[in-house]
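What follows is the content of final_6.txt (compact mmCIF, C-alpha atoms).
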```txt
# COMPACT_ATOMS: atom_id res chain seq x y z
CA MET R 1 -45.33 62.79 -12.52
CA GLY R 2 -44.02 61.69 -15.89
CA GLY R 3 -40.91 63.51 -17.08
CA ARG R 4 -39.96 64.88 -13.68
CA ALA R 5 -36.32 64.79 -12.62
CA PHE R 6 -37.15 63.92 -8.99
CA THR R 7 -39.45 61.54 -7.13
CA MET R 8 -40.32 60.77 -3.51
CA GLU R 9 -39.62 57.20 -2.34
CA LYS R 10 -40.93 56.41 1.17
CA GLY R 11 -40.29 59.98 2.27
CA GLU R 12 -36.85 60.22 0.63
CA LEU R 13 -36.06 62.61 -2.23
CA CYS R 14 -34.62 60.67 -5.18
CA ARG R 15 -33.45 61.49 -8.69
CA ALA R 16 -35.60 59.82 -11.34
CA ASP R 17 -32.44 58.64 -13.15
CA GLY R 18 -31.30 56.75 -10.06
CA ARG R 19 -28.11 58.74 -9.50
CA PRO R 20 -27.17 60.07 -6.02
CA LEU R 21 -28.23 63.59 -5.11
CA SER R 22 -25.78 66.37 -5.93
CA ALA R 23 -25.14 69.59 -4.03
CA GLU R 24 -27.19 71.40 -6.68
CA ASP R 25 -30.09 69.00 -6.05
CA ALA R 26 -29.86 69.68 -2.31
CA LEU R 27 -29.85 73.44 -2.98
CA ARG R 28 -33.08 73.03 -4.95
CA ALA R 29 -34.55 70.97 -2.10
CA GLY R 30 -33.77 73.76 0.34
CA LEU R 31 -35.35 76.32 -1.98
CA ALA R 32 -38.45 74.14 -2.33
CA ALA R 33 -38.75 73.65 1.45
CA GLY R 34 -38.34 77.38 2.05
CA ARG R 35 -40.93 78.33 -0.56
CA MET R 36 -43.43 75.89 0.92
CA LYS R 37 -43.06 77.44 4.37
CA ARG R 38 -42.88 81.17 3.63
CA GLY R 39 -43.17 83.09 6.86
CA GLY R 40 -42.24 80.03 8.90
CA ALA R 41 -38.99 78.30 9.79
CA VAL R 42 -37.34 75.23 8.28
CA GLY R 43 -35.43 72.92 10.63
CA ALA R 44 -32.22 71.30 9.36
CA GLY R 45 -30.22 68.35 10.69
CA ARG R 46 -27.76 65.75 9.44
CA GLY R 47 -25.84 62.58 10.09
CA ASP R 48 -22.12 62.72 10.78
CA SER R 49 -20.44 62.13 7.40
CA PRO R 50 -18.79 64.25 4.68
CA ALA R 51 -21.72 63.59 2.31
CA ALA R 52 -24.29 64.64 4.92
CA ARG R 53 -22.36 67.79 5.83
CA ALA R 54 -21.92 68.88 2.20
CA LEU R 55 -25.50 68.21 1.13
CA LEU R 56 -27.02 69.87 4.19
CA LEU R 57 -24.87 72.99 3.69
CA ALA R 58 -26.28 73.22 0.16
CA ALA R 59 -29.86 72.63 1.37
CA GLU R 60 -29.47 75.25 4.11
CA SER R 61 -28.25 77.75 1.52
CA GLY R 62 -31.39 77.06 -0.49
CA VAL R 63 -33.64 77.68 2.52
CA LEU R 64 -31.91 81.00 3.22
CA GLN R 65 -31.99 81.97 -0.45
CA SER R 66 -35.77 81.44 -0.45
CA GLY R 67 -36.09 84.06 2.29
CA SER R 68 -37.30 81.62 4.97
CA SER R 69 -35.74 81.30 8.41
CA LEU R 70 -33.42 78.37 9.08
CA TRP R 71 -33.22 76.59 12.44
CA GLY R 72 -30.07 74.49 12.54
CA PHE R 73 -30.09 71.42 14.78
CA GLY R 74 -26.63 70.25 13.67
CA SER R 75 -25.42 66.65 13.83
CA CYS R 76 -28.05 64.24 15.17
CA PHE R 77 -29.75 60.94 14.42
CA GLU R 78 -32.98 61.05 12.44
CA SER R 79 -35.55 60.41 15.16
CA GLN R 80 -33.77 63.01 17.34
CA PHE R 81 -34.08 65.47 14.45
CA LEU R 82 -37.80 64.74 14.13
CA TYR R 83 -38.17 65.39 17.86
CA CYS R 84 -36.36 68.74 17.47
CA CYS R 85 -38.67 69.72 14.60
CA GLY R 86 -41.72 68.86 16.67
CA ARG R 87 -40.62 70.59 19.85
CA SER R 88 -39.25 73.72 18.14
CA GLY R 89 -42.45 74.41 16.23
CA ALA R 90 -40.62 74.45 12.88
CA SER R 91 -42.97 74.64 9.89
CA GLY R 92 -41.02 71.89 8.14
CA GLY R 93 -37.57 70.38 7.95
CA ILE R 94 -34.80 68.74 5.96
CA PHE R 95 -32.66 65.86 7.21
CA VAL R 96 -29.64 64.38 5.39
CA ASP R 97 -28.51 61.01 6.72
CA PHE R 98 -25.03 59.46 6.90
CA ALA R 99 -25.33 58.03 3.36
CA GLY R 100 -26.43 61.35 1.82
CA ARG R 101 -30.14 60.54 1.60
CA LEU R 102 -32.34 63.62 1.98
CA ARG R 103 -35.76 63.60 3.65
CA PRO R 104 -38.05 66.64 3.74
CA VAL R 105 -40.62 66.62 6.55
CA SER R 106 -43.69 68.62 7.46
CA GLY R 107 -44.59 70.56 10.59
CA GLY R 108 -44.29 68.62 13.85
CA GLY R 109 -41.64 66.41 12.26
CA LEU R 110 -44.41 64.42 10.55
CA PRO R 111 -44.09 62.97 7.03
CA LEU R 112 -45.15 65.16 4.12
CA SER R 113 -48.76 64.65 3.11
CA LEU R 114 -49.38 63.55 -0.47
CA GLU R 115 -50.41 67.12 -1.31
CA GLU R 116 -47.18 68.44 0.22
CA GLU R 117 -45.13 65.85 -1.68
CA GLU R 118 -46.67 67.02 -4.95
CA GLN R 119 -46.04 70.68 -4.08
CA PHE R 120 -42.44 69.96 -3.06
CA LEU R 121 -41.66 68.06 -6.28
CA ARG R 122 -43.27 70.80 -8.37
CA LEU R 123 -41.14 73.46 -6.66
CA MET R 124 -38.01 71.33 -7.19
CA GLU R 125 -38.48 71.73 -10.93
CA GLU R 126 -38.62 75.53 -10.80
CA PRO R 127 -35.39 77.42 -11.59
CA ALA R 128 -33.45 78.80 -8.61
CA ARG R 129 -33.98 82.49 -7.97
CA LEU R 130 -31.76 84.92 -6.11
CA PRO R 131 -33.36 87.29 -3.56
CA ALA R 132 -34.42 90.60 -5.08
CA SER R 133 -32.15 92.48 -2.65
CA GLY R 134 -29.59 91.96 0.09
CA ASN R 135 -32.45 92.03 2.60
CA GLY R 136 -34.28 89.16 0.92
CA TRP R 137 -32.24 86.39 2.54
CA GLY R 138 -33.57 84.40 5.47
CA ALA R 139 -32.06 84.38 8.96
CA CYS R 140 -30.12 81.44 10.38
CA VAL R 141 -30.50 80.44 14.05
CA SER R 142 -28.41 77.70 15.71
CA MET R 143 -30.67 75.47 17.83
CA GLY R 144 -28.34 72.55 18.47
CA SER R 145 -28.96 72.80 22.22
CA LEU R 146 -32.51 71.52 21.65
CA ARG R 147 -31.01 68.08 20.95
CA GLU R 148 -30.18 67.78 24.65
CA MET R 149 -33.90 67.86 25.49
CA TYR R 150 -34.27 64.51 23.71
CA ARG R 151 -32.83 62.82 26.80
CA VAL R 152 -35.61 64.36 28.92
CA GLU R 153 -38.18 63.03 26.42
CA LEU R 154 -36.85 59.49 26.95
CA PHE R 155 -37.62 59.78 30.68
CA LYS R 156 -41.10 61.10 29.91
CA ALA R 157 -41.74 58.24 27.50
CA ALA R 158 -41.10 55.68 30.24
CA GLU R 159 -43.75 57.26 32.52
CA THR R 160 -42.71 55.04 35.47
CA GLY R 161 -39.61 53.76 37.20
CA LEU R 162 -38.11 50.57 35.78
CA SER R 163 -36.86 48.92 38.95
CA GLY R 164 -36.96 45.14 38.85
CA LEU R 165 -36.41 44.95 35.08
CA THR R 166 -33.32 43.64 33.32
CA ALA R 167 -32.75 44.88 29.76
CA CYS R 168 -30.04 45.89 27.32
CA VAL R 169 -29.83 47.89 24.10
CA LYS R 170 -28.32 46.81 20.79
CA CYS R 171 -27.78 49.60 18.26
CA ALA R 172 -25.13 50.41 15.66
CA ASN R 173 -25.37 54.08 16.70
CA PRO R 174 -23.37 54.52 19.95
CA LEU R 175 -25.15 57.80 20.79
CA ILE R 176 -28.57 56.14 20.80
CA ARG R 177 -27.25 53.23 22.85
CA ARG R 178 -25.67 55.57 25.42
CA LEU R 179 -28.79 57.76 25.76
CA MET R 180 -31.02 54.71 26.20
CA GLU R 181 -28.78 52.95 28.69
CA GLU R 182 -28.29 56.08 30.81
CA ALA R 183 -32.06 56.71 30.97
CA MET R 184 -32.82 53.06 31.76
CA ALA R 185 -30.20 52.92 34.53
CA GLU R 186 -31.39 56.16 36.14
CA LEU R 187 -34.93 54.77 36.20
CA GLY R 188 -33.76 51.66 38.09
CA CYS R 189 -33.41 49.13 35.26
CA ARG R 190 -30.52 46.65 35.45
CA VAL R 191 -28.75 47.32 32.15
CA ARG R 192 -27.23 44.00 31.18
CA GLU R 193 -27.94 40.93 29.10
CA GLY R 194 -30.25 38.22 30.37
CA GLY R 195 -33.54 40.08 30.09
CA VAL R 196 -35.35 42.09 27.43
CA VAL R 197 -33.24 43.10 24.41
CA LEU R 198 -34.19 46.34 22.65
CA GLN R 199 -32.77 46.45 19.13
CA ILE R 200 -32.84 49.98 17.69
CA SER R 201 -32.03 50.99 14.11
CA ALA R 202 -29.08 53.35 13.63
CA ASP R 203 -31.41 56.20 12.62
CA GLY R 204 -33.65 55.67 15.66
CA ARG R 205 -36.77 55.13 13.59
CA ASP R 206 -37.34 51.40 14.19
CA ILE R 207 -37.28 49.05 17.16
CA SER R 208 -37.50 45.31 17.73
CA ALA R 209 -37.65 43.59 21.11
CA TYR R 210 -37.04 40.03 22.29
CA GLN R 211 -36.16 37.86 25.28
CA GLU R 212 -36.05 34.51 23.57
CA VAL R 213 -35.94 33.96 19.82
CA GLN R 214 -39.59 32.92 19.79
CA ASP R 215 -40.58 36.17 21.55
CA TYR R 216 -39.21 38.45 18.80
CA ILE R 217 -41.47 41.50 18.31
CA PHE R 218 -40.90 43.76 15.30
CA THR R 219 -41.63 47.49 15.09
CA ASP R 220 -45.28 47.24 14.01
CA ARG R 221 -46.07 44.92 16.91
CA VAL R 222 -44.21 47.09 19.42
CA LEU R 223 -46.38 49.96 18.16
CA CYS R 224 -49.47 47.77 18.66
CA LEU R 225 -48.54 47.06 22.29
CA VAL R 226 -47.99 50.73 23.07
CA CYS R 227 -51.25 51.76 21.36
CA LEU R 228 -53.18 49.05 23.22
CA ASP R 229 -51.83 50.45 26.48
CA LEU R 230 -53.12 53.90 25.49
CA PHE R 231 -56.57 52.53 24.62
CA ARG R 232 -56.85 50.69 27.95
CA ARG R 233 -56.10 53.95 29.76
CA GLY R 234 -58.76 55.89 27.85
CA GLN R 235 -56.57 57.64 25.28
CA ASP R 236 -56.74 57.91 21.47
CA ALA R 237 -53.71 57.39 19.23
CA ALA R 238 -52.36 58.83 15.96
CA VAL R 239 -50.26 56.60 13.72
CA PRO R 240 -48.98 56.60 10.11
CA ALA R 241 -51.39 55.46 7.40
CA SER R 242 -49.20 52.36 6.88
CA ALA R 243 -49.51 51.21 10.52
CA PRO R 244 -51.32 47.87 11.04
CA ARG R 245 -55.02 48.07 10.15
CA ALA R 246 -55.69 45.66 13.02
CA LEU R 247 -55.26 48.62 15.36
CA ASP R 248 -58.59 50.10 14.22
CA GLY R 249 -60.53 47.17 15.65
CA ALA R 250 -58.49 47.24 18.85
CA ALA R 251 -59.27 50.94 19.35
CA ALA R 252 -62.98 50.36 18.77
CA ALA R 253 -63.02 47.49 21.26
CA TRP R 254 -61.86 49.89 23.97
CA GLY R 255 -64.14 52.72 22.85
CA ARG R 256 -61.25 54.82 21.56
CA ARG R 257 -60.32 56.30 18.17
CA LEU R 258 -57.29 55.64 16.00
CA PHE R 259 -56.27 58.48 13.70
CA ARG R 260 -53.95 58.04 10.73
CA TYR R 261 -51.77 60.63 9.02
CA GLU R 262 -50.37 60.36 5.51
CA ASP R 263 -46.90 58.85 5.15
CA GLY R 264 -46.85 58.31 1.40
CA PHE R 265 -50.29 56.65 1.52
CA PRO R 266 -53.62 58.56 1.71
CA SER R 267 -55.63 58.79 4.90
CA PRO R 268 -59.13 60.28 5.36
CA THR R 269 -58.46 61.58 8.91
CA ASP R 270 -55.21 63.36 8.10
CA ARG R 271 -55.89 66.79 9.65
CA LYS R 272 -56.97 65.56 13.08
CA ALA R 273 -54.31 62.86 13.03
CA ARG R 274 -51.50 65.36 12.45
CA ALA R 275 -52.53 67.50 15.39
CA LEU R 276 -52.50 64.48 17.72
CA GLY R 277 -49.47 62.89 16.05
CA ALA R 278 -47.40 66.02 16.63
CA ARG R 279 -48.06 65.58 20.37
CA GLN R 280 -47.52 61.81 20.54
CA LEU R 281 -43.83 61.86 19.67
CA PHE R 282 -43.21 58.49 21.33
CA LEU R 283 -45.37 56.66 18.75
CA ARG R 284 -42.96 57.44 15.90
CA ASP R 285 -39.60 57.17 17.65
CA GLY R 286 -37.78 53.86 18.23
CA PRO R 287 -36.00 54.71 21.52
CA MET R 288 -39.16 56.28 22.99
CA LEU R 289 -41.24 53.24 21.97
CA GLY R 290 -38.62 51.09 23.68
CA MET R 291 -38.86 53.08 26.92
CA ARG R 292 -42.67 52.94 26.79
CA LEU R 293 -42.51 49.15 26.26
CA LEU R 294 -40.29 48.73 29.33
CA SER R 295 -42.77 50.82 31.32
CA ILE R 296 -45.63 48.56 30.22
CA LEU R 297 -43.63 45.49 31.29
CA ARG R 298 -42.89 47.12 34.65
CA ARG R 299 -46.57 47.93 35.30
CA ASN R 300 -48.01 44.65 34.04
CA GLY R 301 -45.34 42.24 35.24
CA GLY R 302 -44.21 39.16 33.33
CA GLY R 303 -42.25 39.17 30.10
CA LEU R 304 -42.69 39.81 26.41
CA ALA R 305 -44.30 36.42 25.84
CA GLY R 306 -47.17 37.45 28.13
CA LEU R 307 -47.71 40.70 26.25
CA GLN R 308 -47.68 39.07 22.82
CA LYS R 309 -51.07 37.40 23.37
CA ASP R 310 -52.70 40.85 23.46
CA ILE R 311 -51.44 41.85 19.99
CA PRO R 312 -54.23 41.66 17.36
CA VAL R 313 -53.73 38.83 14.89
CA PHE R 314 -52.53 40.07 11.51
CA ALA R 315 -50.08 39.17 8.77
CA GLN R 316 -48.30 41.46 6.32
CA VAL R 317 -46.71 40.86 2.92
CA SER R 318 -44.94 43.40 0.72
CA ARG R 319 -43.17 43.36 -2.62
CA THR R 320 -42.06 45.63 -5.46
CA ILE R 321 -43.15 44.80 -9.02
CA PRO R 322 -42.85 46.46 -12.47
CA ALA R 323 -45.64 48.99 -13.03
CA GLY R 324 -45.98 47.88 -16.66
CA LYS R 325 -48.91 49.54 -18.43
CA ALA R 326 -50.28 51.15 -15.27
CA ALA R 327 -48.72 54.51 -16.13
CA ALA R 328 -51.27 56.50 -14.09
CA LEU R 329 -50.50 54.57 -10.90
CA ARG R 330 -51.00 56.64 -7.74
CA ALA R 331 -50.72 55.98 -4.03
CA ALA R 332 -53.85 54.15 -2.92
CA VAL R 333 -55.27 52.23 0.04
CA LEU R 334 -57.86 49.58 -0.84
CA SER R 335 -60.04 47.91 1.80
CA LEU R 336 -61.11 44.56 0.34
CA PRO R 337 -62.95 41.53 1.81
CA LEU R 338 -59.63 39.74 2.43
CA GLY R 339 -57.98 42.75 4.10
CA GLU R 340 -56.13 45.90 3.08
CA LEU R 341 -53.90 46.50 0.08
CA ARG R 342 -51.66 49.57 -0.18
CA VAL R 343 -50.15 50.57 -3.52
CA ARG R 344 -47.58 53.26 -4.31
CA PRO R 345 -45.47 54.04 -7.39
CA VAL R 346 -41.69 53.87 -6.81
CA ARG R 347 -38.50 54.41 -8.83
CA GLY R 348 -39.96 57.16 -10.94
CA GLY R 349 -43.22 55.29 -11.52
CA ARG R 350 -41.51 52.38 -13.27
CA PHE R 351 -42.32 50.05 -10.37
CA ALA R 352 -45.13 49.63 -7.85
CA PHE R 353 -44.75 48.89 -4.15
CA LEU R 354 -47.48 46.62 -2.77
CA ALA R 355 -48.17 46.04 0.93
CA ALA R 356 -50.98 43.71 1.99
CA GLU R 357 -52.39 43.05 5.46
CA SER R 358 -54.85 40.34 6.42
CA GLY R 359 -55.68 37.88 9.19
CA SER R 360 -53.38 35.19 7.79
CA MET R 361 -50.23 35.01 5.69
CA GLU R 362 -52.10 33.09 2.97
CA ALA R 363 -54.77 35.81 2.67
CA ALA R 364 -52.13 38.56 2.61
CA GLU R 365 -50.29 36.72 -0.19
CA GLU R 366 -53.56 36.45 -2.12
CA LEU R 367 -54.15 40.20 -1.74
CA CYS R 368 -50.71 40.91 -3.15
CA ARG R 369 -51.43 38.55 -6.05
CA LEU R 370 -54.69 40.37 -6.82
CA GLY R 371 -52.83 43.68 -6.80
CA GLU R 372 -50.19 42.32 -9.17
CA GLU R 373 -52.89 41.13 -11.58
CA LYS R 374 -54.61 44.52 -11.61
CA ILE R 375 -51.36 46.37 -12.29
CA ALA R 376 -50.26 43.86 -14.95
CA ALA R 377 -53.60 44.49 -16.68
CA GLY R 378 -52.89 48.22 -16.75
CA GLU R 379 -55.37 49.16 -14.01
CA ALA R 380 -54.52 51.97 -11.59
CA PRO R 381 -56.25 51.23 -8.26
CA ASP R 382 -57.90 54.15 -6.47
CA SER R 383 -58.34 54.39 -2.70
CA HIS R 384 -61.68 53.23 -1.34
CA THR R 385 -63.00 51.82 1.89
```
Would you mind writing the structure in this file as structure tokens?
Amino acid sequence: MGGRAFTMEKGELCRADGRPLSAEDALRAGLAAGRMKRGGAVGAGRGDSPAARALLLAAESGVLQSGSSLWGFGSCFESQFLYCCGRSGASGGIFVDFAGRLRPVSGGGLPLSLEEEEQFLRLMEEPARLPASGNGWGACVSMGSLREMYRVELFKAAETGLSGLTACVKCANPLIRRLMEEAMAELGCRVREGGVVLQISADGRDISAYQEVQDYIFTDRVLCLVCLDLFRRGQDAAVPASAPRALDGAAAAWGRRLFRYEDGFPSPTDRKARALGARQLFLRDGPMLGMRLLSILRRNGGGLAGLQKDIPVFAQVSRTIPAGKAAALRAAVLSLPLGELRVRPVRGGRFAFLAAESGSMEAAEELCRLGEEKIAAGEAPDSHT
């Protein structure tokens, strides 16, 4: 990847020089997305800001210039956009958030695989080409009405009525808060403070839940609770490669399988995982995870403290360090005696992101230290299990 003008950082397209994306960069991104999905359709959505509007217009022009069809979802939050991509059957998509950050996605609204990331970055470097004739441009279809189906998906995620529960939603995005509160109220939940608090990120991607300070459950642990509920009811689950490794043992204990799809880190079960992941929308959407968590509480009784004891024990540590001499650093997942270590180059390969998971915080810290030593010595870890 040396010498390239663009990189991918946790699913986001970035300039290697660190500057914000320009309209020309967004045009190239649209061209790259369209070329990757020839014969298919590219979904497009954005946050509500001048930067998002301008950059998405440029990206949409690139998609159309490539000859691919464009399905416009309009202004939406990111997890709503991913839902629209999945439900519409789009071959891929481009989302530009409020701050002007651009994320290309694959079919089903899933993250690009590592192979797709490489292809996308390679196509970004190619010069823009005009269609050979006036008939070479792609067609644009407005599909903003599909956003309204997201509300229906929230009801489906809950599975049951929520009568007897008291909960409220905290979110900087008023649209997410309104959609959640309306769905909760219609399902019988008392929407007020004094019970479970669902804290949703403004893009809808992450969720935390708590009743008391000591009961605080972050996104990864909410995902664990929802996956455990699936396993108990005889279902498999598909999660990102970076989801807690402790879920593998939990799935095996219930005689189920856990599939992982690439999200910037490699995964050996990617193909099967993507097929299932495209159907299990609620496992990668903060509001839907929140509704599913309330449903679990309603069926099982008790509060969050009672559910926490079922979460597999694990600890995670992450940090970003200089890549130093490890110029050939690539995304890797290493299964070691102490636990799992994930490594990925960031900031144009000048730095390395390390994420360690183990049974204790001390062991996770030790894994990170071992990773730092390898990279400082110029070693480029390769995935192995």
(message) As an exercise, work out the distance from atom CA of R:Ala32 to atom CA of R:Gly92 in Å and give it to one decimal place.
(response)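 Answer for the atom CA of R:Ala32 to atom CA of R:Gly92 separation: 11.0 Å.
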(message) When you count only C-alpha atoms, which of these residues is closest to R:Ala16: R:Pro104, R:Gly348, R:Pro322, R:Gly45?
(response)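 For R:Ala16, the nearest of the candidates is R:Gly348.
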(message) Please list as a VMD selection string every residue within 7 Å of stretch 247-262 of chain R, counting only C-alpha atoms and excluding residues in the same chain fewer than 5 positions away.
(response) chain R and resid 111 113 to 114 224 231 to 232 234 to 241 267 269 to 270 273 to 274
Find the nearest atom pair between each residue of stretch 107-143 of chain R and stretch 21-27 of chain R for residues within 12 Å, count only C-alpha atoms, give distances in Å to one decimal, sort rows by chain and ascending number, and present the table as a Markdown table.
```
| residue | atom | partner | partner_atom | distance |
| --- | --- | --- | --- | --- |
| R:Leu121 | CA | R:Asp25 | CA | 11.6 |
| R:Leu123 | CA | R:Leu27 | CA | 11.9 |
| R:Met124 | CA | R:Asp25 | CA | 8.3 |
| R:Glu125 | CA | R:Asp25 | CA | 10.1 |
| R:Glu126 | CA | R:Asp25 | CA | 11.7 |
| R:Pro127 | CA | R:Leu27 | CA | 11.0 |
| R:Ala128 | CA | R:Leu27 | CA | 8.6 |
| R:Arg129 | CA | R:Leu27 | CA | 11.1 |
```
Once you have the residues from the selection above, write them out as an mmCIF file, in the coordinates of the input, restricted to C-alpha atoms.
```
data_model
loop_
_atom_site.group_PDB
_atom_site.id
_atom_site.type_symbol
_atom_site.label_atom_id
_atom_site.label_comp_id
_atom_site.auth_asym_id
_atom_site.auth_seq_id
_atom_site.Cartn_x
_atom_site.Cartn_y
_atom_site.Cartn_z
ATOM 1 C CA LEU R 121 -41.660 68.060 -6.280
ATOM 2 C CA LEU R 123 -41.140 73.460 -6.660
ATOM 3 C CA MET R 124 -38.010 71.330 -7.190
ATOM 4 C CA GLU R 125 -38.480 71.730 -10.930
ATOM 5 C CA GLU R 126 -38.620 75.530 -10.800
ATOM 6 C CA PRO R 127 -35.390 77.420 -11.590
ATOM 7 C CA ALA R 128 -33.450 78.800 -8.610
ATOM 8 C CA ARG R 129 -33.980 82.490 -7.970
#
```
(message) Please list as a ChimeraX atom specification every residue within 7 Å of stretch 107-110 of chain R, counting all atoms listed in the file and excluding residues in the same chain fewer than 2 positions away.
(response) /R:82-83,85-86,89-92,105,112,278
